[in-house]
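In what follows, a structure is listed as structure tokens, so that the remarks can point back to it.
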Amino acid sequence: MLVYLTKVVRFVCIPPSKNPGEIHTTATLQVSFKTSRQFTLLSEVKLKAMEELQLQDQLSEYSLRQVDRNGKLLPPARENMSIRQAGVKLTSTLFLCHGSAPGATQLFLFYTVGADPPSGPEMEIIVEETITVKECLKLMLKMSGLEGECWHLRKVDWCYEAGDAITEEEATLAKLKISSGDTLVVTEGRLPPKGFLRLPVWLYPGQGVCTGQPESEINHIAEGVAELCVGILAVDAELQFVGDVEISGEASLEDLKTQVMTLPNLQDLSVPSAEYLRFWVLEGKRPTKILRGNQLHINKLKLGSGTEICVQHLLKEENLGPKELVLRVKMGVPQERLYYPEVELVWDTAKECTARALRQTIASHYCLPLDKIEVAKYFPDKYEWMAVSSWSQQISKRKKKKKNENLQGAPFHLKDGDIIGVKNLLIDSNRNFSTAKDDLGKQQLRQEAEKKKKSSANLQNSESGQEKRALGRNSRRPELSLSISVREFR
């Protein structure tokens with residue numbers, strides 16, 4: 001008996017657009033295919049759709065593309081692939097887009113111009129997988145109308161951020177495992193020589209200085225008063241870009257600090273020695289890690305080319321140990337959803353990194369009884385506070401060993417630069433750490449999540465409903481019995 005399967009594909013025709021990725025629908029049709037094969041080629045599907053749209057004379061000028069859950073057009077599918085290989089399901093929506101599909105030895109790449117991928121328009125290009133990175137860069141510059149030699153490529157990582165620079169300019173795209181659908185970033189600036197790193201440098205004004213006073217005035221404050229101001233942080237200060245440095249990976253952290261101070265934008269900063277500078281590693285434009293050990297080589301610090309660093313000017317010398325954490329502590333205003341200015345607290349975790357040890361350090365800093373304070377860590381990405389309290393030692397069921405408490409592990413993941421909120425229970429009965437700003441932030445996150453959910457639901461709504469009806473109950477996979485054998489161990 002010959003069983004015919006019906007493949008229903010909905011087509012959307014998209015005309016040429018100046019901005020690739022934008023979807024402007026001009027025609028929509030639904031095409032049914034009856035086939036006894038599961039390996040119908042996409043070229044046959046495309047031909048059928050073009051005949052329905054009466055575009056046979058433009059067959060080579062269009063390609064088939066799908067969209068992801070966010071509505072972004074995916075790379076054109078190779079027409080020598082079968083429907084099954086391309087992942088086209090029943091009642092899938094395919095887009096007929098202007099532009100040819102890549103050949104068997106070609107790659108379809110997205111690329112943007114600029115250091116920040118989401119900020120610029122995303123463009124598309126089809127290249128041979130055998131060309132070098134340098135040749136690919138030249139093609140992208142030509143299509144973008146750019147000239148010059150001071151450009152390089154960077155590959156976008158999984159979280160859509162520009163990663164390290166692609167330094168092997170003479171290597172082919174295939175050798176570097178660059179595949180269709182990858183996004184590259186055309187970044188201004190020439191590549192550093194082999195063994196050297198190019199590091200963007202930012203300045204966080206106000207860190208280590210009294211809030212609200214210009215730096216020029218701070219230099220004239222008496223040393224005794226200045227020591228009282230050390231650690232008071234500026235609120236809502238913004239990072240300022242000061243330039244790039246190019247340095248060998250074999251150089252020390254002290255050499256890096258010395259070279260950074262030669263940048264023109266930092267000439268007016270009075271720094272007696274390298275111990276008066278604190279270097280942070282930036283992640284998402286936030287200081288998250290302090291570089292320690294002035295005599296350590298930069299390669300030992302695991303800095304890659306393009307790693308952003310932030311310079312903090314200190315008012316006294318500092319030489320942090322490997323077990324010392326720098327926390328940003330702020331005391332809550334009694335009976336208010338506000339906080340006093342943040343204060344830096346250096347906590348030595350050499351003996352223990354437990355909730356009790358942290359609470360004891362903060363209590364001693366504020367000269368308060370241990371049982372009269374509440375402490376919580378702030379998660380700025382979620383606008384949430386998590387109370388820091390001691391918990392009983394956990395016991396692993398498998399190894400029957402005690403698991404020591406450590407705030408640097410889950411769920412707190414305590415690190416340099418974390419914000420710690422403190423409540424003085426002697427004068428403040430409000431144990432709620434959140435602020436009005438947190439409420440607005442959570443509301444914005446919920447709105448963004450709902451918007452993303454709706455756009456995803458609208459995209460898949462027609463497909464999922466039709467697919468369920470097309471499959472029906474009888475087309476489900478047959479149920480199979482499952483037997484589990486459990487051995488008895490004594």
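To be explicit about the labels: the chains of the structure tokens are called A, B, and onward in the order shown, and within each one the residues are counted from 1, while ligands get numbers from 1 in the order they are shown.
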Close residues, Trp158 of chain A itself excluded, 12 Å, only C-alpha atoms, min 3 positions apart in chain, as a ChimeraX atom specification: /A:155,161-163,182-183
List the spatial neighbours of Val127 of chain A as a ChimeraX atom specification - criterion: any atom at most 7 Å away, only C-alpha atoms, same-chain residues fewer than 3 positions off excluded. /A:106-108
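Considering the residues A:Ile362, A:Leu368, A:Cys159, A:Leu266 and counting only C-alpha atoms, Gly284 of chain A has its shortest atom-to-atom contact with A:Cys159.
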Which polymer residues have any atom within 12 Å of an atom of Met261 of chain A, counting only C-alpha atoms, with same-chain residues fewer than 4 positions away left out, as a list in words? Val201, Trp202, Leu203, Val242, Gly243, Asp244, Val245, Glu254, Asp255, Leu256, Lys257, Asn265, Leu266, Gln267, Asp268, Leu269, Ser270, Val271, Pro272, Ser273, Ala274, Tyr276, Leu277, Phe279, Val311, Gln312 and His313 of chain A
Write down as a PyMOL selection string the residues belonging to segment 61-216 of chain A that are assigned strand (DSSP E or B) by DSSP computed on the backbone. chain A and resi 62-65+67+73+82+93-98+106-113+123-128+132+151-156+162-165+172+183-188+196-203
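Nearest residue to Ala357 of chain A among A:Glu448, A:Glu405, A:Glu170, A:Asp416 is A:Glu405, counting only C-alpha atoms.
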A:Leu282, A:Ala387, A:Val186, A:Ala104: which is nearest Ala355 of chain A, counting only C-alpha atoms? A:Ala387
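Residues of segment 327-365 of chain A carrying a DSSP assignment of helix (DSSP H, G or I), computed from the backbone, are A:Ala355, A:Arg356, A:Ala357, A:Leu358, A:Arg359, A:Gln360, A:Thr361, A:Ile362, A:Ala363, A:Ser364, A:His365.
Atom to atom, atom CA of Lys72 of chain A and atom CA of Ser455 of chain A stand 11.1 Å apart.
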Rank A:Arg190, A:Lys175, A:Arg431, A:His98 by their smallest atom-to-atom distance to Leu55 of chain A, using only C-alpha atoms, and report the top residue only.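 Closest candidate: A:His98.
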Hey, what's within 8 Å of segment 166-169 of chain A if we count only C-alpha atoms and toss same-chain stuff fewer than 5 positions away? As a VMD selection string, please? chain A and resid 132 to 134 152 to 155 191
What does the distance from atom CA of Lys454 of chain A to atom CA of Gly441 of chain A come to in Å, to one decimal?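 Straight-line distance from atom CA of Lys454 of chain A to atom CA of Gly441 of chain A works out to 20.0 Å.
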Shortest contact to Lys452 of chain A, candidates A:Leu64, A:Ala174, A:Asn70, A:Pro287, atoms counted only C-alpha atoms, goes to A:Asn70
Considering only C-alpha atoms, return as a list in words whatever protein or nucleic-acid residues lie within 12 Å of Val281 of chain A, sequence-local ones (same chain, fewer than 3 positions apart) excluded.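 So the residues in contact are Leu199, Pro200, Val201, Trp202, Leu203, Arg278, Gly284, Lys285, Arg286, Pro287, Thr288, Lys289, Ile290, Leu291, Arg292, Leu301, Lys302, Leu303, Gly304, Gly306, Thr307, Glu308, Ile309, Cys310, Val311, Gln312, Lys415, Asp416 and Gly417 of chain A.
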Using only C-alpha atoms, please write the residues we just selected to a file, as a compact mmCIF listing (two decimals), in the first residue's frame.
```
# COMPACT_ATOMS: atom_id res chain seq x y z
CA LEU A 199 42.67 46.81 25.81
CA PRO A 200 39.95 49.53 25.87
CA VAL A 201 40.33 51.67 29.00
CA TRP A 202 37.49 53.36 30.88
CA LEU A 203 37.50 55.76 33.82
CA ARG A 278 42.87 49.88 41.04
CA GLY A 284 28.47 44.49 30.49
CA LYS A 285 29.90 47.90 31.41
CA ARG A 286 29.97 46.90 35.09
CA PRO A 287 33.12 46.46 37.24
CA THR A 288 33.10 42.80 38.29
CA LYS A 289 36.69 41.76 39.03
CA ILE A 290 39.78 43.49 40.44
CA LEU A 291 43.16 42.72 38.91
CA ARG A 292 45.58 41.77 41.69
CA LEU A 301 45.58 37.42 34.61
CA LYS A 302 43.67 35.76 31.72
CA LEU A 303 43.02 38.98 29.85
CA GLY A 304 42.13 38.62 26.19
CA GLY A 306 39.52 43.51 23.65
CA THR A 307 38.92 42.95 27.38
CA GLU A 308 37.60 46.22 28.78
CA ILE A 309 39.28 47.52 31.93
CA CYS A 310 38.25 50.33 34.25
CA VAL A 311 40.68 52.60 36.12
CA GLN A 312 39.85 53.65 39.67
CA LYS A 415 32.50 38.85 43.98
CA ASP A 416 34.29 42.19 43.81
CA GLY A 417 32.01 45.18 43.38
```
